[in-house]
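Enquirer: So here's structure_8.txt (compact mmCIF, C-alpha atoms).
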# COMPACT_ATOMS: atom_id res chain seq x y z
CA MET A 362 144.52 149.45 102.01
CA ASN A 363 147.53 149.23 104.33
CA LYS A 364 146.31 145.91 105.76
CA GLY A 365 145.85 144.50 102.27
CA PHE A 366 149.39 145.56 101.40
CA ILE A 367 150.81 143.89 104.53
CA PHE A 368 148.85 140.67 103.84
CA ALA A 369 150.08 140.60 100.25
CA ILE A 370 153.74 141.03 101.34
CA THR A 371 153.37 138.43 104.10
CA PHE A 372 151.84 135.80 101.85
CA SER A 373 154.36 136.49 99.08
CA MET A 374 157.18 135.92 101.56
CA LEU A 375 155.56 132.76 102.89
CA PHE A 376 155.13 131.51 99.33
CA LEU A 377 158.77 132.25 98.51
CA LEU A 378 159.85 130.46 101.71
CA LEU A 379 157.83 127.44 100.70
CA LEU A 380 159.41 127.47 97.25
CA GLY A 381 162.85 127.70 98.87
CA PHE A 382 162.17 124.68 101.06
CA ALA A 383 160.89 122.70 98.09
CA ALA A 384 163.95 123.57 95.98
CA GLY A 385 166.30 122.67 98.84
CA PHE A 386 164.55 119.37 99.42
CA LEU A 387 164.65 118.48 95.72
CA GLU A 388 168.35 119.29 95.49
CA SER A 389 169.15 117.26 98.61
CA PHE A 390 167.03 114.33 97.44
CA GLY A 391 168.66 114.46 93.99
CA LEU A 392 172.16 114.46 95.50
CA GLN A 393 171.26 111.52 97.70
CA ARG A 394 170.05 109.58 94.66
CA LEU A 395 173.23 110.52 92.77
CA ASP A 396 175.41 109.35 95.67
CA ALA A 397 173.42 106.12 95.87
CA ALA A 398 173.85 105.55 92.13
CA ARG A 399 177.60 106.20 92.37
CA ALA A 400 177.91 103.86 95.35
CA LYS A 401 176.06 101.16 93.43
CA ALA A 402 178.40 101.61 90.45
CA VAL A 403 181.46 101.26 92.72
CA ASP A 404 179.90 98.20 94.39
CA LYS A 405 179.29 96.63 91.02
CA GLN A 406 182.85 97.28 89.82
CA SER A 407 184.26 95.77 93.03
CA PHE A 408 181.94 92.78 92.68
CA VAL A 409 183.12 92.14 89.13
CA GLN A 410 186.81 92.49 90.08
CA ASP A 411 186.32 90.08 92.98
CA ASP A 412 184.56 87.68 90.62
CA VAL A 413 187.42 87.78 88.12
CA ALA A 414 189.99 87.21 90.90
CA ALA A 415 188.04 84.20 92.23
CA ASP A 416 187.97 82.74 88.71
CA LEU A 417 191.74 83.15 88.43
CA LEU A 418 192.31 81.21 91.64
CA SER A 419 189.96 78.48 90.36
CA TYR A 420 191.89 78.39 87.11
CA LEU A 421 195.13 77.97 89.08
CA GLN A 422 193.45 75.32 91.28
CA ALA A 423 194.85 77.28 94.21
CA ASP A 424 193.54 78.80 97.40
CA ILE A 425 195.02 81.35 99.79
CA THR A 426 194.44 81.96 103.48
CA ILE A 427 196.11 84.82 105.32
CA SER A 428 195.88 84.97 109.08
CA GLY A 429 197.61 86.80 111.89
CA ASN A 430 197.86 86.32 115.59
CA ASN A 431 201.31 86.94 117.02
CA THR A 432 202.78 86.50 113.55
CA THR A 433 201.52 86.71 109.98
CA THR A 434 200.90 83.36 108.31
CA VAL A 435 200.13 82.71 104.65
CA GLU A 436 198.71 79.33 103.60
CA ILE A 437 198.72 78.40 99.92
CA SER A 438 196.84 75.31 98.79
CA ASP A 439 197.87 74.18 95.35
CA SER A 440 198.20 71.20 93.10
CA LEU A 441 201.00 70.40 90.65
CA PRO A 442 200.93 70.16 87.69
CA ALA A 443 198.10 72.13 86.04
CA PRO A 444 195.29 69.75 85.04
CA TYR A 445 194.87 71.24 81.57
CA SER A 446 196.21 69.81 78.33
CA ASP A 447 196.69 73.38 77.06
CA PRO A 448 196.81 75.84 80.00
CA SER A 449 197.43 78.93 77.82
CA GLN A 450 194.43 78.16 75.65
CA GLU A 451 192.23 77.64 78.72
CA LEU A 452 193.30 81.04 80.09
CA ASN A 453 192.61 82.75 76.77
CA ASP A 454 189.21 81.03 76.48
CA TRP A 455 188.30 82.27 79.96
CA ILE A 456 189.39 85.86 79.18
CA SER A 457 187.34 85.78 76.00
CA TYR A 458 184.32 84.40 77.89
CA ILE A 459 184.51 87.13 80.54
CA SER A 460 184.80 89.94 78.00
CA ASN A 461 182.36 88.68 75.40
CA SER A 462 179.75 86.58 77.20
CA TYR A 463 179.73 87.34 80.92
CA ALA A 464 180.24 91.12 80.85
CA PRO A 465 177.50 92.11 78.36
CA GLY A 466 174.89 90.16 80.36
CA ALA A 467 176.08 91.79 83.57
CA ASN A 468 175.79 95.19 81.87
CA VAL A 469 179.48 96.04 82.34
CA ASN A 470 182.52 96.37 80.14
CA VAL A 471 185.39 94.18 81.28
CA SER A 472 188.84 93.99 79.73
CA ILE A 473 191.58 91.74 81.07
CA ASN A 474 195.29 92.08 80.36
CA ALA A 475 197.12 88.93 81.43
CA SER A 476 200.31 89.31 79.38
CA ASP A 477 202.52 89.85 82.45
CA PHE A 478 200.92 86.89 84.22
CA THR A 479 201.24 84.64 81.17
CA SER A 480 204.95 85.34 80.78
CA SER A 481 205.61 85.01 84.51
CA PRO A 482 202.72 83.38 86.38
CA ARG A 483 202.89 84.28 90.05
CA ILE A 484 201.05 85.39 93.16
CA ILE A 485 202.56 88.38 94.94
CA PHE A 486 202.20 89.15 98.63
CA SER A 487 202.40 92.82 99.55
CA PRO A 488 203.98 94.45 101.47
CA PHE A 489 206.49 91.61 102.14
CA ASN A 490 208.02 91.46 98.64
CA LEU A 491 207.21 87.78 98.66
CA SER A 492 206.04 85.85 95.62
CA TYR A 493 204.80 82.37 94.81
CA GLN A 494 205.86 81.70 91.25
CA TYR A 495 205.28 78.96 88.72
CA ASP A 496 207.74 77.93 86.04
CA SER A 497 204.94 78.29 83.49
CA LEU A 498 201.17 77.92 83.26
CA SER A 499 201.80 74.15 83.16
CA LYS A 500 202.75 74.42 86.86
CA ASN A 501 205.40 71.74 87.13
CA THR A 502 207.30 73.90 89.62
CA ALA A 503 206.16 76.25 92.37
CA ILE A 504 208.76 78.52 93.94
CA THR A 505 208.26 80.71 96.95
CA HIS A 506 210.69 83.57 96.48
CA GLY A 507 211.46 84.34 100.07
CA ASN A 508 213.52 86.87 101.95
CA SER A 509 214.60 87.44 105.51
CA SER A 510 211.00 88.13 106.54
CA VAL A 511 210.27 84.38 106.20
CA ARG A 512 211.08 82.45 109.35
CA ASN A 513 209.14 79.22 108.88
CA TYR A 514 207.97 77.05 105.99
CA SER A 515 205.56 74.19 106.36
CA LEU A 516 205.32 72.01 103.26
CA THR A 517 202.60 69.38 103.19
CA ALA A 518 202.46 67.34 100.00
CA SER A 519 200.23 64.41 99.11
CA LEU A 520 201.81 62.67 96.18
CA GLY A 521 199.87 60.72 93.60
CA LYS A 522 202.38 57.86 93.78
CA GLU A 523 204.13 56.16 96.67
CA PRO A 524 207.77 57.29 97.19
CA ALA A 525 210.13 54.38 96.54
CA SER A 526 213.27 56.06 97.85
CA VAL A 527 214.60 59.39 99.15
CA ASN A 528 217.77 60.99 97.86
CA ALA A 529 218.77 63.60 100.46
CA SER A 530 222.54 63.74 99.93
CA ASN A 531 222.26 67.50 99.34
CA TRP A 532 220.04 68.21 102.34
CA SER A 533 221.45 69.02 105.77
CA TRP A 534 219.58 70.04 108.90
CA SER A 535 221.41 72.67 110.88
CA GLY A 536 222.65 71.61 114.29
CA SER A 537 221.90 75.03 115.75
CA PRO A 538 218.99 77.45 115.27
CA THR A 539 219.04 79.58 112.13
CA SER A 540 216.61 82.15 110.77
CA LEU A 541 214.68 79.50 108.79
CA TYR A 542 212.76 76.50 110.14
CA ILE A 543 211.15 73.96 107.82
CA THR A 544 208.49 71.38 108.57
CA LEU A 545 207.94 68.64 106.00
CA ASN A 546 204.91 66.41 105.77
CA ILE A 547 205.26 64.55 102.49
CA SER A 548 203.51 61.29 101.83
CA GLY A 549 202.19 59.07 99.09
CA PRO A 550 198.75 57.45 98.86
CA SER A 551 199.51 55.29 101.94
CA GLY A 552 199.86 58.43 104.08
CA THR A 553 203.20 57.39 105.59
CA PRO A 554 205.32 60.56 106.04
CA VAL A 555 208.72 60.60 104.40
CA ASN A 556 211.80 61.22 106.56
CA VAL A 557 214.45 63.42 105.03
CA SER A 558 217.90 62.87 106.51
CA GLY A 559 216.26 61.29 109.53
CA ALA A 560 213.79 64.07 110.35
CA THR A 561 210.64 65.81 109.16
CA GLY A 562 211.51 69.23 110.50
CA GLY A 563 214.34 71.44 111.64
CA TYR A 564 216.48 74.48 110.96
CA ILE A 565 218.36 74.82 107.69
CA ASN A 566 220.89 77.32 106.43
CA PRO A 567 218.77 79.84 104.47
CA ASN A 568 221.79 81.04 102.50
CA SER A 569 222.76 77.71 100.97
CA ASN A 570 220.98 75.32 98.63
CA ASN A 571 219.46 72.34 100.37
CA GLY A 572 217.78 69.81 98.12
CA PHE A 573 216.26 66.34 98.15
CA TRP A 574 214.16 64.33 95.78
CA LEU A 575 211.80 61.42 96.04
CA ASN A 576 211.91 58.61 93.53
CA LEU A 577 208.32 57.68 92.67
CA SER A 578 209.22 54.69 90.45
CA THR A 579 207.75 56.53 87.47
CA GLY A 580 208.44 60.18 88.16
CA ALA A 581 209.95 62.23 90.94
CA PHE A 582 209.23 65.00 93.44
CA TYR A 583 211.99 67.55 94.06
CA VAL A 584 212.31 70.03 96.93
CA ASN A 585 214.89 72.77 97.32
CA ALA A 586 215.08 75.18 100.22
CA GLY A 587 217.37 78.05 101.18
CA ASN A 588 219.24 79.80 98.40
CA TYR A 589 218.53 77.81 95.24
CA SER A 590 219.89 79.16 91.97
CA SER A 591 218.84 82.83 91.68
CA TYR A 592 215.70 82.51 93.79
CA GLY A 593 217.17 84.38 96.74
CA THR A 594 217.67 83.33 100.32
CA HIS A 595 214.82 81.81 102.38
CA SER A 596 213.23 80.34 99.26
CA LEU A 597 211.33 77.09 98.77
CA ARG A 598 210.91 75.19 95.52
CA ALA A 599 208.80 72.12 94.75
CA THR A 600 208.83 70.36 91.39
CA VAL A 601 206.97 67.39 90.00
CA GLU A 602 208.27 65.27 87.15
CA ASN A 603 205.77 62.84 85.66
CA ALA A 604 203.93 62.97 88.95
CA SER A 605 201.24 64.93 90.74
CA ALA A 606 201.16 66.56 94.16
CA SER A 607 198.50 68.25 96.22
CA MET A 608 200.34 70.78 98.36
CA GLN A 609 199.83 73.16 101.23
CA THR A 610 202.62 75.65 101.73
CA GLY A 611 202.53 77.50 105.02
CA ILE A 612 204.69 80.59 105.32
CA THR A 613 205.20 82.24 108.68
CA LEU A 614 206.53 85.75 108.41
CA ASN A 615 208.90 87.28 110.86
CA ALA A 616 206.85 90.41 111.19
CA THR A 617 204.21 91.83 113.42
CA PRO A 618 200.71 91.12 112.11
CA GLN A 619 199.71 93.57 109.45
CA ARG A 620 197.45 93.73 106.45
CA VAL A 621 198.66 91.46 103.65
CA THR A 622 197.31 91.58 100.11
CA ALA A 623 197.79 88.71 97.68
CA TRP A 624 197.44 89.63 94.02
CA VAL A 625 198.25 88.32 90.58
CA PRO A 626 199.60 90.56 87.79
CA VAL A 627 196.41 90.43 85.75
CA LEU A 628 195.00 93.87 85.04
CA VAL A 629 191.23 94.01 85.22
CA ARG A 630 189.47 97.08 83.87
CA VAL A 631 185.76 97.49 84.55
CA ASP A 632 183.61 100.03 82.68
CA ASN A 633 186.77 101.84 81.51
CA VAL A 634 186.88 103.46 84.95
CA SER A 635 188.21 101.12 87.56
CA GLU A 636 191.47 99.28 86.82
CA SER A 637 193.42 97.18 89.24
CA TYR A 638 195.37 93.96 89.58
CA ALA A 639 193.31 90.94 90.56
CA ILE A 640 193.36 90.65 94.35
CA VAL A 641 193.10 86.99 95.30
CA GLY A 642 193.47 87.23 99.06
CA ARG A 643 193.49 89.65 101.97
CA GLY A 644 194.19 89.19 105.61
CA MET S 534 131.91 144.60 113.82
CA ASN S 535 134.87 143.55 116.00
CA ASN S 536 133.27 140.12 116.62
CA GLU S 537 132.98 139.58 112.87
CA LYS S 538 136.67 140.45 112.39
CA ALA S 539 137.72 138.14 115.23
CA PHE S 540 135.62 135.34 113.76
CA ILE S 541 137.23 135.80 110.33
CA PHE S 542 140.77 135.89 111.77
CA THR S 543 140.14 132.79 113.88
CA THR S 544 138.65 130.89 110.95
CA ASP S 545 141.58 131.98 108.78
CA ALA S 546 144.10 130.84 111.38
CA LEU S 547 142.37 127.48 111.81
CA LEU S 548 142.29 126.90 108.07
CA ALA S 549 146.01 127.77 107.87
CA VAL S 550 146.83 125.31 110.65
CA ILE S 551 144.75 122.54 109.01
CA LEU S 552 146.34 123.21 105.61
CA SER S 553 149.86 123.23 107.09
CA ALA S 554 149.23 119.99 108.96
CA PHE S 555 147.94 118.38 105.80
CA LEU S 556 150.99 119.55 103.79
CA ILE S 557 153.43 118.32 106.45
CA TYR S 558 151.68 114.94 106.66
CA ALA S 559 151.68 114.57 102.86
CA THR S 560 155.38 115.49 102.61
CA PHE S 561 156.53 113.05 105.29
CA SER S 562 154.32 110.30 103.93
CA THR S 563 155.94 110.69 100.47
CA LEU S 564 159.46 110.78 101.97
CA ASP S 565 158.77 107.63 104.00
CA ARG S 566 157.63 105.76 100.91
CA ALA S 567 160.80 106.80 99.00
CA ALA S 568 163.06 105.76 101.91
CA ALA S 569 161.23 102.46 102.30
CA PHE S 570 161.78 101.70 98.62
CA GLU S 571 165.55 102.34 98.95
CA ASP S 572 165.80 100.24 102.12
CA ARG S 573 163.93 97.31 100.65
CA THR S 574 165.92 97.11 97.41
CA THR S 575 169.50 97.31 98.70
CA PRO S 576 169.59 94.46 101.25
CA VAL S 577 168.09 91.85 98.93
CA GLN S 578 170.62 92.81 96.25
CA ARG S 579 173.51 92.55 98.72
CA VAL S 580 172.29 89.24 100.12
CA SER S 581 171.92 87.86 96.57
CA GLU S 582 175.44 88.94 95.60
CA ASP S 583 176.94 87.57 98.82
CA ALA S 584 175.16 84.24 98.41
CA LEU S 585 176.43 83.92 94.86
CA ALA S 586 180.02 84.86 95.83
CA ALA S 587 179.97 82.39 98.72
CA MET S 588 178.70 79.63 96.44
CA GLU S 589 181.52 80.29 93.99
CA GLU S 590 184.29 80.48 96.58
CA THR S 591 183.21 77.32 98.36
CA GLY S 592 183.11 75.46 95.04
CA ILE S 593 179.36 74.82 95.18
CA LEU S 594 178.70 76.31 91.74
CA ALA S 595 181.53 74.33 90.09
CA ARG S 596 180.49 71.08 91.81
CA SER S 597 176.85 71.58 90.88
CA LEU S 598 177.82 72.00 87.24
CA GLN S 599 180.28 69.10 87.23
CA GLU S 600 177.89 66.69 88.93
CA THR S 601 174.61 68.13 87.52
CA ARG S 602 173.02 68.52 90.94
CA THR S 603 171.28 71.35 92.74
CA ASP S 604 171.00 70.14 96.35
CA GLU S 605 173.88 72.30 97.63
CA ILE S 606 172.50 75.41 95.92
CA ARG S 607 169.04 74.76 97.35
CA SER S 608 170.60 74.33 100.77
CA VAL S 609 172.25 77.78 100.50
CA LEU S 610 169.00 79.33 99.26
CA GLY S 611 167.17 77.72 102.16
CA GLY S 612 169.52 79.54 104.54
CA LEU S 613 168.70 83.00 103.17
CA PRO S 614 166.82 85.38 105.47
CA SER S 615 163.18 84.50 105.96
CA GLY S 616 160.90 86.56 103.78
CA MET S 617 163.35 86.51 100.91
CA CYS S 618 162.94 84.37 97.84
CA ALA S 619 165.62 83.56 95.26
CA GLU S 620 166.31 81.46 92.23
CA VAL S 621 169.72 80.50 90.79
CA ASP S 622 170.25 79.63 87.14
CA ILE S 623 173.53 78.26 85.83
CA TYR S 624 174.66 78.77 82.27
CA ALA S 625 177.58 76.93 80.68
CA ASN S 626 178.95 78.52 77.53
CA SER S 627 175.89 80.80 77.60
CA SER S 628 173.39 77.90 77.55
CA PRO S 629 171.13 77.22 80.57
CA VAL S 630 171.97 73.93 82.26
CA LEU S 631 170.72 74.05 85.85
CA SER S 632 168.11 75.89 87.87
CA ALA S 633 167.28 75.84 91.57
CA SER S 634 164.78 77.84 93.65
CA ARG S 635 164.16 78.30 97.31
CA THR S 636 161.52 75.81 98.31
CA GLY S 637 158.06 77.16 99.03
CA CYS S 638 158.26 80.55 97.37
CA SER S 639 158.45 82.20 94.00
CA CYS S 640 159.49 85.54 92.55
CA ALA S 641 157.02 85.19 89.66
CA ASP S 642 154.58 87.75 91.04
CA ALA S 643 157.13 89.96 92.81
CA GLN S 644 157.00 93.68 92.10
CA GLU S 645 160.66 94.29 92.94
CA LEU S 646 163.25 91.92 91.52
CA THR S 647 167.01 92.10 91.91
CA ALA S 648 169.54 90.18 89.87
CA ALA S 649 173.25 89.44 90.10
CA ARG S 650 175.58 87.44 87.91
CA ARG S 651 178.80 85.63 88.83
CA SER S 652 181.20 83.88 86.48
CA PHE S 653 183.05 80.73 87.48
CA VAL S 654 185.10 77.92 85.96
CA ALA S 655 184.72 74.21 86.50
CA LEU S 656 187.26 71.54 85.75
CA ASN S 657 186.14 69.02 83.16
CA GLY S 658 188.85 66.39 82.62
CA SER S 659 191.87 68.14 81.14
CA SER S 660 189.94 71.30 80.21
CA GLN S 661 187.70 73.77 81.98
CA ILE S 662 184.15 74.93 81.44
CA GLU S 663 183.49 78.67 81.48
CA ALA S 664 180.16 79.29 83.14
CA HIS S 665 178.14 81.85 85.04
CA ALA S 666 175.36 81.79 87.58
CA GLU S 667 172.50 84.26 87.83
CA ILE S 668 170.53 84.84 90.97
CA THR S 669 167.13 86.51 90.97
CA GLY S 670 165.98 87.68 94.37
CA CYS S 671 162.81 89.23 95.75
CA TYR S 672 160.84 89.71 98.92
CA ASP S 673 158.38 86.91 99.39
Would you write the structure of this file as structure tokens?

Expert:
Amino acid sequence: MNKGFIFAITFSMLFLLLLGFAAGFLESFGLQRLDAARAKAVDKQSFVQDDVAADLLSYLQADITISGNNTTTVEISDSLPAPYSDPSQELNDWISYISNSYAPGANVNVSINASDFTSSPRIIFSPFNLSYQYDSLSKNTAITHGNSSVRNYSLTASLGKEPASVNASNWSWSGSPTSLYITLNISGPSGTPVNVSGATGGYINPNSNNGFWLNLSTGAFYVNAGNYSSYGTHSLRATVENASASMQTGITLNATPQRVTAWVPVLVRVDNVSESYAIVGRG
Amino acid sequence: MNNEKAFIFTTDALLAVILSAFLIYATFSTLDRAAAFEDRTTPVQRVSEDALAAMEETGILARSLQETRTDEIRSVLGGLPSGMCAEVDIYANSSPVLSASRTGCSCADAQELTAARRSFVALNGSSQIEAHAEITGCYD
């Protein structure tokens, strides 16, 4: 009788222990699956945001490379002007395509708010308070709004037409080192680099407006550097007029290498959960 | 009498050990199968997404659409890890226009398929084409 009682208690406890293990395992397995599902959802949202940002760069016909060794360098490849007959319409068509055609097939909800970008198209580089701004979506002008963190610009431009003459009466190289050095490599289809006031590189006064323009027989290419209009010191502006230019703007920052994020003020919301500006470059 | 009791206890203990061993083996076997399923699905999805993103950012998708060619896409698919099969379909304005598969394999009979979709734009004169590419991946 006593033995039977002890056996019954022992087996009941063993059974309860087994049930406890099973419940614990199920809970742990369920949590793992939940974490995996959440991680997949976050991955998917990031993938979609990255996709949208890549499309924006393609729309702008631009590319960005950020690198750092002893200094931080930003390289922007671009072409002026925009190739579209109606740039605003192309942007709106793309937004509509993403929201109404791409997103449903990808099983996500995507909404894009580009009103800030449309009114002031630009690429912003954080944390340097540096921006690369266009006059409009037509992209006849690209302005790098600089500040004292910029110590070197390198402007390479391949023009669609051969320069006939250079007007550099408002451009002066500084005789002594300043806080801003500029390297110019501007050429037409022949590839012959243009000299500006007898040189293709040197220091300029970052606090004054230095400008030159190239006569392209039909059209012109304008460059301003330093403090042009209200763009701030250490700025660089390039403008095409009835012409085209494929440009690479290199910006060397007077700062120790650190993480730089390039983004455009286009708000991308995925699945009504994740909202952020489109990040077009990191380095 | 004592021998009978000892025999019963020993048999009981042996049965308990055999039953426990069987339960442990069954549990670990099930867990292994679940883990294997997770491990097999995730990498092929990641590789598919990465391949698609790389093809967009290097301009391969846009060029393929503009020039109606698939050689560059097939070259990327050929560089995927061995044992993985994939197919890329390109849609312009929601209509299928191009398709390319990794040579020598097919996902037609695959039990586990993964899919990813990437939008892109391609310049077409003075306008742009809105398009997307879909990749279907599987283990060969």

Enquirer: Using all atoms listed in the file, pick whichever of A:Val621, A:Ala414, A:Ala369, A:Ala443 has the shortest atom-to-atom distance to A:Thr502.

Expert: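 That would be A:Ala443, the residue with the smallest distance to A:Thr502.
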
Enquirer: Using all atoms listed in the file, determine which residues of chain S fall within 12 Å of chain A; present them as a PyMOL selection string.

Expert: chain S and resi 549+553+556-557+560-561+564+567-568+571-572+574-575+578-579+581-583+585-592+594-595+624-628+648-668

Enquirer: By how many Å are atom CA of A:Thr426 and atom CA of A:Ser480 apart?

Expert: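 The value is 25.2 Å.
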
Enquirer: Within 8 Å of A:Gln609, counting only C-alpha atoms, which residues show up once you throw out same-chain ones fewer than 3 positions away? Write them as a list in words, please.

Expert: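 The residues satisfying every condition are Glu436, Ile437, Ser438, Asp439, Ser515, Leu516, Thr517 and Ala518 of chain A.
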
Enquirer: Would you mind reading off the distance between atom CA of A:Gly563 and atom CA of A:Arg643, one decimal, in Å?

Expert: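 Atom-to-atom, atom CA of A:Gly563 and atom CA of A:Arg643 are spaced 29.3 Å apart.
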
Enquirer: Suppose you want the space between atom CA of A:Phe366 and atom CA of S:Phe542; what is it in Å?

Expert: 16.6 Å

Enquirer: Using all atoms listed in the file, which residues sit within 8 Å of stretch 540-555 of chain A once same-chain residues fewer than 4 positions away are excluded, as a short mmCIF file (atom, residue, chain, number, x, y, z; two decimals) with C-alpha atoms, keeping the file's coordinate frame?

Expert:
data_model
loop_
_atom_site.label_atom_id
_atom_site.label_comp_id
_atom_site.auth_asym_id
_atom_site.auth_seq_id
_atom_site.Cartn_x
_atom_site.Cartn_y
_atom_site.Cartn_z
CA SER A 509 214.60 87.44 105.51
CA VAL A 511 210.27 84.38 106.20
CA ARG A 512 211.08 82.45 109.35
CA ASN A 513 209.14 79.22 108.88
CA TYR A 514 207.97 77.05 105.99
CA SER A 515 205.56 74.19 106.36
CA LEU A 516 205.32 72.01 103.26
CA THR A 517 202.60 69.38 103.19
CA ALA A 518 202.46 67.34 100.00
CA SER A 519 200.23 64.41 99.11
CA LEU A 520 201.81 62.67 96.18
CA GLY A 521 199.87 60.72 93.60
CA LYS A 522 202.38 57.86 93.78
CA GLU A 523 204.13 56.16 96.67
CA PRO A 524 207.77 57.29 97.19
CA VAL A 527 214.60 59.39 99.15
CA THR A 561 210.64 65.81 109.16
CA GLY A 562 211.51 69.23 110.50
CA GLY A 563 214.34 71.44 111.64
CA TYR A 564 216.48 74.48 110.96
CA ILE A 565 218.36 74.82 107.69
CA ASN A 566 220.89 77.32 106.43
CA PRO A 567 218.77 79.84 104.47
CA HIS A 595 214.82 81.81 102.38
#

Enquirer: Which residue is closest to S:Asp642? Choose from S:Leu547, S:Gly612, S:Val630, S:Asp673 and count all atoms listed in the file.

Expert: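 Comparing S:Leu547, S:Gly612, S:Val630, S:Asp673 against S:Asp642, the winner is S:Asp673.
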
Enquirer: Using all atoms listed in the file, can you tell me which of S:Leu631, S:Leu646, S:Cys671, S:Cys618 comes closest to S:Arg602?

Expert: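 So, comparing all the options, the nearest one is S:Leu631.
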
Enquirer: Would you list the contacts of S:Ile606 as a PyMOL selection string, taking every protein, DNA or RNA residue within 8 Å and counting all atoms listed in the file, but skipping same-chain residues closer than 2 positions in sequence?

Expert: chain S and resi 588+593-594+597+603-604+608-610+621+633

Enquirer: Which one is closest to A:Pro488: A:Asn568, A:Asn633, A:Thr622, A:Gln393? Count all atoms listed in the file.

Expert: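 Nearest to A:Pro488: A:Thr622.
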
Enquirer: Using all atoms listed in the file for the distances, tell me which of S:Leu598, S:Ala584, S:Ala546, S:Ile551 is nearest to S:Ser632.

Expert: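 Ranking S:Leu598, S:Ala584, S:Ala546, S:Ile551 by distance to S:Ser632, first place goes to S:Leu598.
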